[in-house]
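Peer 1: So here's entry-v9.cif (mmCIF, C-alpha atoms).
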data_model
#
loop_
_atom_site.group_PDB
_atom_site.id
_atom_site.type_symbol
_atom_site.label_atom_id
_atom_site.label_comp_id
_atom_site.auth_asym_id
_atom_site.auth_seq_id
_atom_site.Cartn_x
_atom_site.Cartn_y
_atom_site.Cartn_z
ATOM 1 C CA MET A 19 108.312 165.258 150.168
ATOM 2 C CA MET A 20 107.140 162.784 147.538
ATOM 3 C CA SER A 21 107.001 163.809 143.898
ATOM 4 C CA LEU A 22 103.838 163.468 141.799
ATOM 5 C CA LEU A 23 104.596 160.107 140.107
ATOM 6 C CA PRO A 24 105.411 158.151 143.309
ATOM 7 C CA SER A 25 102.300 159.651 144.926
ATOM 8 C CA ILE A 26 100.031 158.505 142.079
ATOM 9 C CA LEU A 27 101.638 155.075 141.944
ATOM 10 C CA SER A 28 101.346 154.746 145.733
ATOM 11 C CA ILE A 29 97.587 155.363 145.489
ATOM 12 C CA LEU A 30 97.327 152.709 142.760
ATOM 13 C CA ILE A 31 99.306 150.079 144.635
ATOM 14 C CA ILE A 32 97.391 150.753 147.878
ATOM 15 C CA ALA A 33 94.147 150.254 145.950
ATOM 16 C CA GLU A 34 95.489 146.988 144.458
ATOM 17 C CA PHE A 35 96.673 145.869 147.887
ATOM 18 C CA VAL A 36 93.354 146.566 149.628
ATOM 19 C CA LEU A 37 91.110 145.202 146.856
ATOM 20 C CA GLY A 38 93.332 142.185 146.266
ATOM 21 C CA ASN A 39 93.399 141.251 149.943
ATOM 22 C CA PHE A 40 89.632 141.728 150.148
ATOM 23 C CA ALA A 41 88.996 139.410 147.177
ATOM 24 C CA ASN A 42 91.404 136.721 148.347
ATOM 25 C CA VAL A 43 90.232 136.813 151.975
ATOM 26 C CA PHE A 44 86.653 136.558 150.671
ATOM 27 C CA ILE A 45 87.505 133.467 148.580
ATOM 28 C CA SER A 46 89.314 131.845 151.508
ATOM 29 C CA LEU A 47 86.550 132.510 154.044
ATOM 30 C CA VAL A 48 83.680 131.398 151.788
ATOM 31 C CA ASN A 49 85.408 128.141 150.848
ATOM 32 C CA CYS A 50 86.583 127.409 154.411
ATOM 33 C CA ILE A 51 83.111 128.029 155.857
ATOM 34 C CA ASP A 52 81.606 125.765 153.196
ATOM 35 C CA TRP A 53 84.298 123.163 153.965
ATOM 36 C CA VAL A 54 83.393 123.187 157.670
ATOM 37 C CA LYS A 55 79.674 122.902 156.924
ATOM 38 C CA ARG A 56 79.931 120.097 154.378
ATOM 39 C CA LYS A 57 82.916 118.321 155.977
ATOM 40 C CA LYS A 58 84.455 118.104 152.501
ATOM 41 C CA ILE A 59 85.789 120.359 149.755
ATOM 42 C CA SER A 60 86.036 119.872 146.005
ATOM 43 C CA THR A 61 89.384 119.884 144.218
ATOM 44 C CA ALA A 62 88.551 123.150 142.441
ATOM 45 C CA HIS A 63 87.572 124.952 145.646
ATOM 46 C CA GLY A 64 90.593 123.498 147.449
ATOM 47 C CA ILE A 65 92.899 124.919 144.788
ATOM 48 C CA LEU A 66 91.042 128.247 144.867
ATOM 49 C CA THR A 67 91.453 128.464 148.643
ATOM 50 C CA ALA A 68 95.171 127.652 148.564
ATOM 51 C CA LEU A 69 95.627 130.080 145.656
ATOM 52 C CA ALA A 70 93.876 132.864 147.576
ATOM 53 C CA VAL A 71 96.087 132.299 150.636
ATOM 54 C CA SER A 72 99.261 132.355 148.516
ATOM 55 C CA ARG A 73 98.152 135.577 146.842
ATOM 56 C CA ILE A 74 97.496 137.228 150.183
ATOM 57 C CA GLY A 75 101.116 136.475 151.058
ATOM 58 C CA LEU A 76 102.294 137.717 147.660
ATOM 59 C CA LEU A 77 100.385 140.994 148.018
ATOM 60 C CA TRP A 78 101.832 141.611 151.479
ATOM 61 C CA ILE A 79 105.365 140.987 150.217
ATOM 62 C CA LEU A 80 104.801 143.373 147.289
ATOM 63 C CA GLY A 81 103.360 145.909 149.751
ATOM 64 C CA ILE A 82 106.383 145.624 152.044
ATOM 65 C CA ASN A 83 108.703 145.977 149.065
ATOM 66 C CA TRP A 84 106.839 149.122 147.973
ATOM 67 C CA TYR A 85 106.973 150.638 151.464
ATOM 68 C CA ALA A 86 110.718 150.015 151.713
ATOM 69 C CA SER A 87 111.346 151.322 148.187
ATOM 70 C CA VAL A 88 109.312 154.525 148.422
ATOM 71 C CA PHE A 89 108.783 155.475 152.043
ATOM 72 C CA ASN A 90 111.751 154.019 153.923
ATOM 73 C CA PRO A 91 114.725 153.136 151.663
ATOM 74 C CA ALA A 92 117.077 153.140 154.679
ATOM 75 C CA LEU A 93 115.200 150.098 156.005
ATOM 76 C CA TYR A 94 116.044 148.077 152.897
ATOM 77 C CA SER A 95 119.400 146.627 153.871
ATOM 78 C CA LEU A 96 120.882 143.871 151.702
ATOM 79 C CA GLU A 97 119.988 141.228 154.287
ATOM 80 C CA ILE A 98 116.346 142.352 154.461
ATOM 81 C CA LYS A 99 116.191 142.556 150.675
ATOM 82 C CA THR A 100 117.466 138.954 150.443
ATOM 83 C CA ASN A 101 114.856 137.741 152.955
ATOM 84 C CA VAL A 102 112.069 139.569 151.099
ATOM 85 C CA TYR A 103 113.209 137.987 147.824
ATOM 86 C CA MET A 104 113.130 134.517 149.391
ATOM 87 C CA ALA A 105 109.644 135.142 150.770
ATOM 88 C CA TRP A 106 108.563 136.391 147.339
ATOM 89 C CA THR A 107 110.006 133.234 145.734
ATOM 90 C CA VAL A 108 107.831 131.086 148.023
ATOM 91 C CA SER A 109 104.565 132.993 147.504
ATOM 92 C CA ASN A 110 105.205 133.490 143.782
ATOM 93 C CA HIS A 111 105.777 129.768 143.229
ATOM 94 C CA PHE A 112 102.543 128.678 144.886
ATOM 95 C CA SER A 113 100.532 131.524 143.363
ATOM 96 C CA ILE A 114 101.638 130.669 139.831
ATOM 97 C CA TRP A 115 101.468 126.881 140.021
ATOM 98 C CA LEU A 116 98.124 126.760 141.836
ATOM 99 C CA ALA A 117 96.639 129.016 139.143
ATOM 100 C CA THR A 118 98.191 126.786 136.471
ATOM 101 C CA SER A 119 96.754 123.703 138.195
ATOM 102 C CA LEU A 120 93.350 125.371 138.017
ATOM 103 C CA SER A 121 93.751 125.747 134.248
ATOM 104 C CA ILE A 122 94.713 122.063 133.958
ATOM 105 C CA LEU A 123 91.710 121.115 136.112
ATOM 106 C CA TYR A 124 89.335 123.058 133.841
ATOM 107 C CA LEU A 125 90.822 121.346 130.797
ATOM 108 C CA LEU A 126 90.515 117.818 132.209
ATOM 109 C CA LYS A 127 86.994 118.358 133.528
ATOM 110 C CA ILE A 128 85.493 120.163 130.545
ATOM 111 C CA ALA A 129 87.340 119.152 127.375
ATOM 112 C CA ASN A 130 86.362 116.025 125.460
ATOM 113 C CA PHE A 131 88.975 114.093 123.474
ATOM 114 C CA SER A 132 88.992 110.464 122.389
ATOM 115 C CA SER A 133 92.689 109.959 123.168
ATOM 116 C CA ARG A 134 93.284 107.105 125.627
ATOM 117 C CA PHE A 135 95.963 109.106 127.400
ATOM 118 C CA PHE A 136 93.623 112.069 127.864
ATOM 119 C CA LEU A 137 90.801 109.812 129.087
ATOM 120 C CA HIS A 138 93.218 108.225 131.569
ATOM 121 C CA LEU A 139 94.136 111.672 132.889
ATOM 122 C CA LYS A 140 90.466 112.646 132.991
ATOM 123 C CA ARG A 141 89.636 109.617 135.170
ATOM 124 C CA ASN A 142 92.453 110.487 137.580
ATOM 125 C CA ILE A 143 92.084 114.263 137.864
ATOM 126 C CA ASN A 144 92.921 114.508 141.570
ATOM 127 C CA GLY A 145 96.006 112.327 141.146
ATOM 128 C CA VAL A 146 97.194 114.377 138.167
ATOM 129 C CA ILE A 147 96.850 117.663 140.054
ATOM 130 C CA LEU A 148 98.581 116.214 143.111
ATOM 131 C CA MET A 149 101.498 114.875 141.046
ATOM 132 C CA ILE A 150 101.926 118.239 139.296
ATOM 133 C CA LEU A 151 102.029 120.126 142.591
ATOM 134 C CA LEU A 152 104.395 117.622 144.208
ATOM 135 C CA GLY A 153 106.638 117.607 141.136
ATOM 136 C CA THR A 154 106.924 121.380 141.104
ATOM 137 C CA LEU A 155 107.579 121.303 144.855
ATOM 138 C CA VAL A 156 110.841 119.425 144.221
ATOM 139 C CA PHE A 157 111.842 122.078 141.692
ATOM 140 C CA PHE A 158 110.810 124.802 144.149
ATOM 141 C CA ILE A 159 112.980 123.440 146.986
ATOM 142 C CA PHE A 160 115.999 123.371 144.667
ATOM 143 C CA HIS A 161 115.271 126.926 143.482
ATOM 144 C CA LEU A 162 114.842 128.178 147.061
ATOM 145 C CA ALA A 163 118.210 126.659 148.011
ATOM 146 C CA ILE A 164 119.880 128.457 145.088
ATOM 147 C CA VAL A 165 118.192 131.741 146.088
ATOM 148 C CA GLY A 166 119.485 131.308 149.634
ATOM 149 C CA ILE A 167 123.040 130.590 148.470
ATOM 150 C CA ASP A 168 122.993 133.499 146.014
ATOM 151 C CA GLY A 169 121.643 135.880 148.661
ATOM 152 C CA ASN A 170 124.279 134.760 151.148
ATOM 153 C CA MET A 171 126.983 135.339 148.537
ATOM 154 C CA TRP A 172 125.751 138.901 147.971
ATOM 155 C CA VAL A 173 125.837 139.594 151.726
ATOM 156 C CA ARG A 174 129.402 138.281 151.921
ATOM 157 C CA VAL A 175 130.379 140.472 148.956
ATOM 158 C CA TYR A 176 128.856 143.484 150.704
ATOM 159 C CA GLU A 177 130.725 142.682 153.925
ATOM 160 C CA GLY A 178 133.975 142.338 151.953
ATOM 161 C CA ASN A 179 134.495 138.657 152.736
ATOM 162 C CA ILE A 180 134.695 137.667 149.044
ATOM 163 C CA THR A 181 135.324 139.499 145.800
ATOM 164 C CA SER A 182 132.370 140.682 143.711
ATOM 165 C CA LYS A 183 134.002 138.951 140.723
ATOM 166 C CA SER A 184 133.801 135.492 142.275
ATOM 167 C CA LYS A 185 133.059 132.891 139.587
ATOM 168 C CA PHE A 186 131.025 130.831 142.055
ATOM 169 C CA ARG A 187 128.820 133.827 142.869
ATOM 170 C CA ASP A 188 128.359 134.585 139.182
ATOM 171 C CA ASN A 189 127.405 130.961 138.522
ATOM 172 C CA MET A 190 124.869 131.019 141.372
ATOM 173 C CA TYR A 191 123.345 134.188 139.960
ATOM 174 C CA LEU A 192 123.061 132.670 136.472
ATOM 175 C CA ILE A 193 121.464 129.507 137.884
ATOM 176 C CA ASP A 194 119.028 131.636 139.888
ATOM 177 C CA MET A 195 118.043 133.592 136.769
ATOM 178 C CA ALA A 196 117.637 130.385 134.747
ATOM 179 C CA LEU A 197 115.388 128.847 137.419
ATOM 180 C CA PHE A 198 113.531 132.141 137.742
ATOM 181 C CA THR A 199 112.809 132.044 134.002
ATOM 182 C CA LEU A 200 111.665 128.408 134.079
ATOM 183 C CA GLU A 201 109.526 129.117 137.156
ATOM 184 C CA ASN A 202 107.469 131.582 135.147
ATOM 185 C CA VAL A 203 107.703 130.457 131.513
ATOM 186 C CA VAL A 204 106.758 126.793 132.092
ATOM 187 C CA PRO A 205 103.427 127.503 133.879
ATOM 188 C CA PHE A 206 102.568 130.195 131.326
ATOM 189 C CA THR A 207 103.220 127.759 128.464
ATOM 190 C CA THR A 208 101.191 125.075 130.251
ATOM 191 C CA SER A 209 98.209 127.398 130.713
ATOM 192 C CA LEU A 210 98.476 128.552 127.108
ATOM 193 C CA THR A 211 98.390 124.910 125.984
ATOM 194 C CA CYS A 212 95.278 124.327 128.124
ATOM 195 C CA PHE A 213 93.614 127.330 126.502
ATOM 196 C CA VAL A 214 94.402 126.105 122.977
ATOM 197 C CA LEU A 215 93.093 122.620 123.798
ATOM 198 C CA LEU A 216 89.906 124.115 125.249
ATOM 199 C CA ILE A 217 89.377 126.054 122.008
ATOM 200 C CA PHE A 218 89.903 122.887 119.973
ATOM 201 C CA SER A 219 87.513 120.951 122.223
ATOM 202 C CA LEU A 220 84.883 123.675 121.869
ATOM 203 C CA TRP A 221 85.316 123.648 118.076
ATOM 204 C CA LYS A 222 84.775 119.895 118.010
ATOM 205 C CA HIS A 223 81.740 120.216 120.253
ATOM 206 C CA LEU A 224 80.174 122.951 118.115
ATOM 207 C CA LYS A 225 80.842 120.883 115.006
ATOM 208 C CA ASN A 226 78.954 117.977 116.568
ATOM 209 C CA MET A 227 76.108 120.266 117.595
ATOM 210 C CA GLN A 228 75.746 122.172 114.316
ATOM 211 C CA LEU A 229 72.619 120.203 113.360
ATOM 212 C CA SER A 230 71.117 120.654 116.811
ATOM 213 C CA SER A 231 68.719 123.477 117.566
ATOM 214 C CA LYS A 232 70.522 124.138 120.850
ATOM 215 C CA GLY A 233 73.568 125.612 119.132
ATOM 216 C CA SER A 234 75.476 128.027 121.339
ATOM 217 C CA GLN A 235 72.842 127.672 124.077
ATOM 218 C CA ASP A 236 74.021 124.126 124.802
ATOM 219 C CA PRO A 237 75.183 123.866 128.473
ATOM 220 C CA ASN A 238 78.467 122.214 127.471
ATOM 221 C CA THR A 239 79.218 125.148 125.170
ATOM 222 C CA LYS A 240 78.608 127.619 127.984
ATOM 223 C CA VAL A 241 80.891 125.669 130.299
ATOM 224 C CA HIS A 242 83.637 125.680 127.642
ATOM 225 C CA ILE A 243 83.308 129.429 127.134
ATOM 226 C CA ARG A 244 83.301 130.186 130.867
ATOM 227 C CA ALA A 245 86.428 128.089 131.409
ATOM 228 C CA MET A 246 88.152 129.738 128.429
ATOM 229 C CA GLN A 247 87.339 133.199 129.802
ATOM 230 C CA THR A 248 88.911 132.286 133.127
ATOM 231 C CA VAL A 249 92.043 130.838 131.527
ATOM 232 C CA ILE A 250 92.523 133.696 129.035
ATOM 233 C CA SER A 251 92.153 136.290 131.809
ATOM 234 C CA PHE A 252 94.847 134.445 133.758
ATOM 235 C CA LEU A 253 97.093 134.318 130.686
ATOM 236 C CA LEU A 254 96.746 138.054 129.992
ATOM 237 C CA LEU A 255 97.401 139.130 133.581
ATOM 238 C CA PHE A 256 100.143 136.536 133.996
ATOM 239 C CA GLY A 257 101.734 137.763 130.762
ATOM 240 C CA PHE A 258 101.864 141.323 132.133
ATOM 241 C CA TYR A 259 103.220 139.941 135.397
ATOM 242 C CA ILE A 260 106.039 138.043 133.656
ATOM 243 C CA MET A 261 106.883 141.118 131.580
ATOM 244 C CA ALA A 262 107.083 143.170 134.791
ATOM 245 C CA LEU A 263 109.324 140.555 136.428
ATOM 246 C CA ILE A 264 111.669 140.515 133.422
ATOM 247 C CA ILE A 265 111.986 144.304 133.505
ATOM 248 C CA SER A 266 112.638 144.136 137.264
ATOM 249 C CA ALA A 267 115.389 141.568 136.688
ATOM 250 C CA TRP A 268 116.990 143.744 134.009
ATOM 251 C CA ARG A 269 116.950 146.786 136.278
ATOM 252 C CA SER A 270 117.849 144.977 139.508
ATOM 253 C CA ASN A 271 120.829 147.303 140.015
ATOM 254 C CA SER A 272 118.753 150.468 139.647
ATOM 255 C CA GLN A 273 117.858 152.753 142.529
ATOM 256 C CA LEU A 274 114.786 151.784 144.561
ATOM 257 C CA ASN A 275 112.926 154.965 143.556
ATOM 258 C CA ASP A 276 113.617 154.521 139.813
ATOM 259 C CA PRO A 277 110.329 155.522 138.027
ATOM 260 C CA ILE A 278 110.443 152.457 135.747
ATOM 261 C CA VAL A 279 110.983 150.114 138.709
ATOM 262 C CA LEU A 280 108.079 151.734 140.570
ATOM 263 C CA CYS A 281 105.745 151.408 137.560
ATOM 264 C CA VAL A 282 106.756 147.770 137.195
ATOM 265 C CA GLN A 283 105.936 147.083 140.873
ATOM 266 C CA VAL A 284 102.432 148.473 140.355
ATOM 267 C CA LEU A 285 102.025 146.214 137.320
ATOM 268 C CA GLU A 286 103.183 143.201 139.357
ATOM 269 C CA ALA A 287 100.505 143.809 142.005
ATOM 270 C CA LEU A 288 97.777 143.872 139.336
ATOM 271 C CA TYR A 289 98.026 140.109 138.696
ATOM 272 C CA PRO A 290 97.257 138.723 142.208
ATOM 273 C CA SER A 291 94.533 141.309 142.834
ATOM 274 C CA ALA A 292 92.593 141.606 139.553
ATOM 275 C CA HIS A 293 92.611 137.896 138.695
ATOM 276 C CA SER A 294 91.044 137.039 142.057
ATOM 277 C CA PHE A 295 87.971 139.123 141.182
ATOM 278 C CA ILE A 296 87.775 137.333 137.826
ATOM 279 C CA LEU A 297 87.847 133.986 139.655
ATOM 280 C CA ILE A 298 85.007 135.145 141.894
ATOM 281 C CA TRP A 299 82.948 136.239 138.910
ATOM 282 C CA GLY A 300 83.625 132.982 137.066
ATOM 283 C CA ASN A 301 82.579 130.749 139.979
ATOM 284 C CA LYS A 302 78.813 130.448 140.427
ATOM 285 C CA LYS A 303 78.845 129.999 144.206
ATOM 286 C CA LEU A 304 81.476 132.663 144.882
ATOM 287 C CA LYS A 305 79.649 135.073 142.579
ATOM 288 C CA GLN A 306 76.337 134.554 144.385
ATOM 289 C CA ASP A 307 77.938 135.014 147.817
ATOM 290 C CA PHE A 308 79.825 138.093 146.608
ATOM 291 C CA LEU A 309 76.675 139.726 145.192
ATOM 292 C CA SER A 310 74.844 138.848 148.414
ATOM 293 C CA LEU A 311 77.589 140.526 150.439
ATOM 294 C CA LEU A 312 77.463 143.650 148.268
ATOM 295 C CA TRP A 313 73.678 143.757 148.640
ATOM 296 C CA GLN A 314 73.934 143.534 152.438
ATOM 297 C CA VAL A 315 76.562 146.273 152.528
ATOM 298 C CA ARG A 316 74.431 148.454 150.279
ATOM 299 C CA CYS A 317 71.384 147.987 152.506
#
Now that the file is in, can you turn its structure into structure tokens?
Peer 2:
Amino acid sequence: MMSLLPSILSILIIAEFVLGNFANVFISLVNCIDWVKRKKISTAHGILTALAVSRIGLLWILGINWYASVFNPALYSLEIKTNVYMAWTVSNHFSIWLATSLSILYLLKIANFSSRFFLHLKRNINGVILMILLGTLVFFIFHLAIVGIDGNMWVRVYEGNITSKSKFRDNMYLIDMALFTLENVVPFTTSLTCFVLLIFSLWKHLKNMQLSSKGSQDPNTKVHIRAMQTVISFLLLFGFYIMALIISAWRSNSQLNDPIVLCVQVLEALYPSAHSFILIWGNKKLKQDFLSLLWQVRC
């Protein structure tokens, strides 16, 4: 029989799982239907669609991990745990970097700077986003290979084929942790930089508009603020997500039903579920379709 804390946390993570899947499936369907109708899709909506799909995968992996940890620990053999970690590495990479690419896209589309380099990037937005995603893909393949080698080493240790004190295994683990840190810190720093630059661009814009009667009602100001709200919401949720991942890494040798580990897993699921609703609310078309859906359900 489950104790009180796991029961409460199970309700929370089920709610995050259901709501998160609903939001991400909604984003994917709306954008795909619009893509079919128009025969084309914008860069922003393309990134949103890919991001939603990656987060659906991430939520399912977190759900499977929760089920194995709480309801069926006997199922969680070392081999299955290694496979789940590899699947999480894939979905986590695309979820994080697609969201970061969205922050970069907002910056390049909205911010105004006189720098030649920035103007060059602004004229080649699609190419910049593509190069970022392809560049991180090379890093991702290398990281996935290290994860596979490290997981295989752990299985061999468990089977008694090699000693747990193997220097090669220890080195693989350290490399995995280093790549794991870079995988999360670099996109967070990039998004934070985008947010700071958006603030600076807004400050410059307001300074130029201070003699205008439009003031804060200027459309460009509203666009700046809306983009900043989206980026800061991502930063806050992503910050909690990174903190949860760090705690999980520190307590990787703890029991599956450790209360701290369970709380951390609930916190991890908050990022791919809550941020998707913020993206819906921050996108005019998605917001209108979402409100229309709620109105139809209500009626």
Peer 1: Compare A:Thr107, A:Thr248, A:Thr211, A:Asn301 by their minimum atom-to-atom distance to His63 in chain A, counting all atoms listed in the file, and give me the closest one.
Peer 2: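 Of all the options, A:Asn301 lies closest to His63 in chain A.
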Peer 1: So that I can see what lies close to Phe35 in chain A, please list as an mmCIF file with C-alpha atoms, in the frame of the given file the residues with an atom at most 7 Å from it, counting all atoms listed in the file and leaving out residues fewer than 3 positions away in the same chain.
Peer 2:
data_model
loop_
_atom_site.group_PDB
_atom_site.id
_atom_site.type_symbol
_atom_site.label_atom_id
_atom_site.label_comp_id
_atom_site.auth_asym_id
_atom_site.auth_seq_id
_atom_site.Cartn_x
_atom_site.Cartn_y
_atom_site.Cartn_z
ATOM 1 C CA ILE A 31 99.306 150.079 144.635
ATOM 2 C CA ILE A 32 97.391 150.753 147.878
ATOM 3 C CA GLY A 38 93.332 142.185 146.266
ATOM 4 C CA ASN A 39 93.399 141.251 149.943
ATOM 5 C CA LEU A 77 100.385 140.994 148.018
ATOM 6 C CA GLY A 81 103.360 145.909 149.751
#
Peer 1: Enumerate, in order of chain and increasing residue number, the residues of range 84-138 of chain A with an atom no farther than 8 Å from range 188-209 of chain A, each with its shortest atom pair and distance in Å to one decimal, counting only C-alpha atoms, as a tab-separated table.
Peer 2:
residue	atom	partner	partner_atom	distance
A:His111	CA	A:Glu201	CA	7.2
A:Ile114	CA	A:Pro205	CA	7.0
A:Trp115	CA	A:Pro205	CA	6.5
A:Thr118	CA	A:Ser209	CA	5.8
A:Ser121	CA	A:Ser209	CA	5.9
A:Ile122	CA	A:Ser209	CA	7.2
Peer 1: Kindly resolve the PyMOL selection byres ((chain A and resi 155-159) around 10) on the present coordinates and return the residues as a list in words.
Peer 2: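 That expression, the PyMOL selection byres ((chain A and resi 155-159) around 10), corresponds here to Thr107, Val108, His111, Phe112, Trp115, Met149, Ile150, Leu151, Leu152, Gly153, Thr154, Phe160, His161, Leu162, Ala163, Ile164, Val165, Leu197, Leu200 and Glu201 of chain A.
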Peer 1: My list of candidates is A:Leu22, A:Ile278, A:Cys212, A:Cys50. Which is closest to Ala245 in chain A when distances are computed with only C-alpha atoms?
Peer 2: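 Nearest to Ala245 in chain A: A:Cys212.
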Peer 1: Taking into account all atoms listed in the file, which residue in the set A:Ala129, A:Val146, A:Cys281, A:Val214 is nearest to Leu263 in chain A?
Peer 2: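 When distances to Leu263 in chain A are compared using all atoms listed in the file, the smallest one comes from A:Cys281.
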Peer 1: Rounded to one decimal in Å, what is the spacing between CA of Thr61 in chain A and CA of Asn142 in chain A?
Peer 2: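 Value for the CA of Thr61 in chain A-CA of Asn142 in chain A distance: 11.9 Å.
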Peer 1: Could you check which residues have any atom within 12 Å of (94.1, 125.6, 148.7), counting all atoms listed in the file with coordinates taken straight from the file, and then list them as a PDB file with C-alpha atoms, in the coordinates of the input?
Peer 2:
ATOM      1  CA  ASN A  42      91.404 136.721 148.347  1.00  0.00           C
ATOM      2  CA  ILE A  45      87.505 133.467 148.580  1.00  0.00           C
ATOM      3  CA  SER A  46      89.314 131.845 151.508  1.00  0.00           C
ATOM      4  CA  LEU A  47      86.550 132.510 154.044  1.00  0.00           C
ATOM      5  CA  ASN A  49      85.408 128.141 150.848  1.00  0.00           C
ATOM      6  CA  CYS A  50      86.583 127.409 154.411  1.00  0.00           C
ATOM      7  CA  TRP A  53      84.298 123.163 153.965  1.00  0.00           C
ATOM      8  CA  ILE A  59      85.789 120.359 149.755  1.00  0.00           C
ATOM      9  CA  SER A  60      86.036 119.872 146.005  1.00  0.00           C
ATOM     10  CA  THR A  61      89.384 119.884 144.218  1.00  0.00           C
ATOM     11  CA  ALA A  62      88.551 123.150 142.441  1.00  0.00           C
ATOM     12  CA  HIS A  63      87.572 124.952 145.646  1.00  0.00           C
ATOM     13  CA  GLY A  64      90.593 123.498 147.449  1.00  0.00           C
ATOM     14  CA  ILE A  65      92.899 124.919 144.788  1.00  0.00           C
ATOM     15  CA  LEU A  66      91.042 128.247 144.867  1.00  0.00           C
ATOM     16  CA  THR A  67      91.453 128.464 148.643  1.00  0.00           C
ATOM     17  CA  ALA A  68      95.171 127.652 148.564  1.00  0.00           C
ATOM     18  CA  LEU A  69      95.627 130.080 145.656  1.00  0.00           C
ATOM     19  CA  ALA A  70      93.876 132.864 147.576  1.00  0.00           C
ATOM     20  CA  VAL A  71      96.087 132.299 150.636  1.00  0.00           C
ATOM     21  CA  SER A  72      99.261 132.355 148.516  1.00  0.00           C
ATOM     22  CA  ARG A  73      98.152 135.577 146.842  1.00  0.00           C
ATOM     23  CA  PHE A 112     102.543 128.678 144.886  1.00  0.00           C
ATOM     24  CA  SER A 113     100.532 131.524 143.363  1.00  0.00           C
ATOM     25  CA  TRP A 115     101.468 126.881 140.021  1.00  0.00           C
ATOM     26  CA  LEU A 116      98.124 126.760 141.836  1.00  0.00           C
ATOM     27  CA  ALA A 117      96.639 129.016 139.143  1.00  0.00           C
ATOM     28  CA  SER A 119      96.754 123.703 138.195  1.00  0.00           C
ATOM     29  CA  LEU A 120      93.350 125.371 138.017  1.00  0.00           C
ATOM     30  CA  LEU A 148      98.581 116.214 143.111  1.00  0.00           C
ATOM     31  CA  LEU A 151     102.029 120.126 142.591  1.00  0.00           C
TER      32      LEU A 151
END
Peer 1: Output the residue selection produced by the PyMOL selection byres ((chain A and resi 23) around 12) on the file above, formatted as an NGL selection string.
Peer 2: :A and (19-22 or 24-30 or 88 or 275-281 or 284)
Peer 1: Could you name the residues that touch Met246 in chain A at 8 Å or less, counting only C-alpha atoms, but leaving out those on the same chain fewer than 5 positions away, as a list in words?
Peer 2: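 Answer for this query is Phe213, Leu216 and Ile217 of chain A.
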Peer 1: Using the chain letters and numbering of this document, enumerate as a VMD selection string the residues selected by the PyMOL selection byres ((chain A and resi 100) around 12).
Peer 2: chain A and resid 83 94 to 99 101 to 107 162 165 to 173
Peer 1: Using all atoms listed in the file for the distances, tell me which of A:Gly145, A:Lys55, A:Gly75, A:Val315 is nearest to Val43 in chain A.
Peer 2: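 Among the listed residues, A:Gly75 lies closest to Val43 in chain A.
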Peer 1: Measuring between only C-alpha atoms, which one of A:Lys140, A:Ile74, A:Asp307, A:Phe218 shows the shortest distance to Ser109 in chain A?
Peer 2: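 Looking only at the distances to Ser109 in chain A, the closest residue turns out to be A:Ile74.
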Peer 1: Would you compute an axis-aligned box for range 52-67 of chain A, covering every atom listed for it in the file with 5 Å of margin on each side, and report centre and edge lengths in Å to one decimal as JSON?
Peer 2:
{"center_x": 86.3, "center_y": 123.3, "center_z": 150.1, "size_x": 23.2, "size_y": 20.4, "size_z": 25.2}
Peer 1: So how many Å separate CA of Pro91 in chain A and CA of Phe256 in chain A, to one decimal?
Peer 2: 28.3 Å
Peer 1: Could you please determine the separation between CA of Lys222 in chain A and CA of Ile128 in chain A in Å, to one decimal place?
Peer 2: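 Between these atoms lies a distance of 12.6 Å.
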Peer 1: Of the candidates A:Asn90, A:Asn144, A:Ser219, A:Gln247, which shows the shortest atom-to-atom distance to Phe131 in chain A, using all atoms listed in the file?
Peer 2: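 The shortest atom-to-atom distance to Phe131 in chain A comes from A:Ser219.
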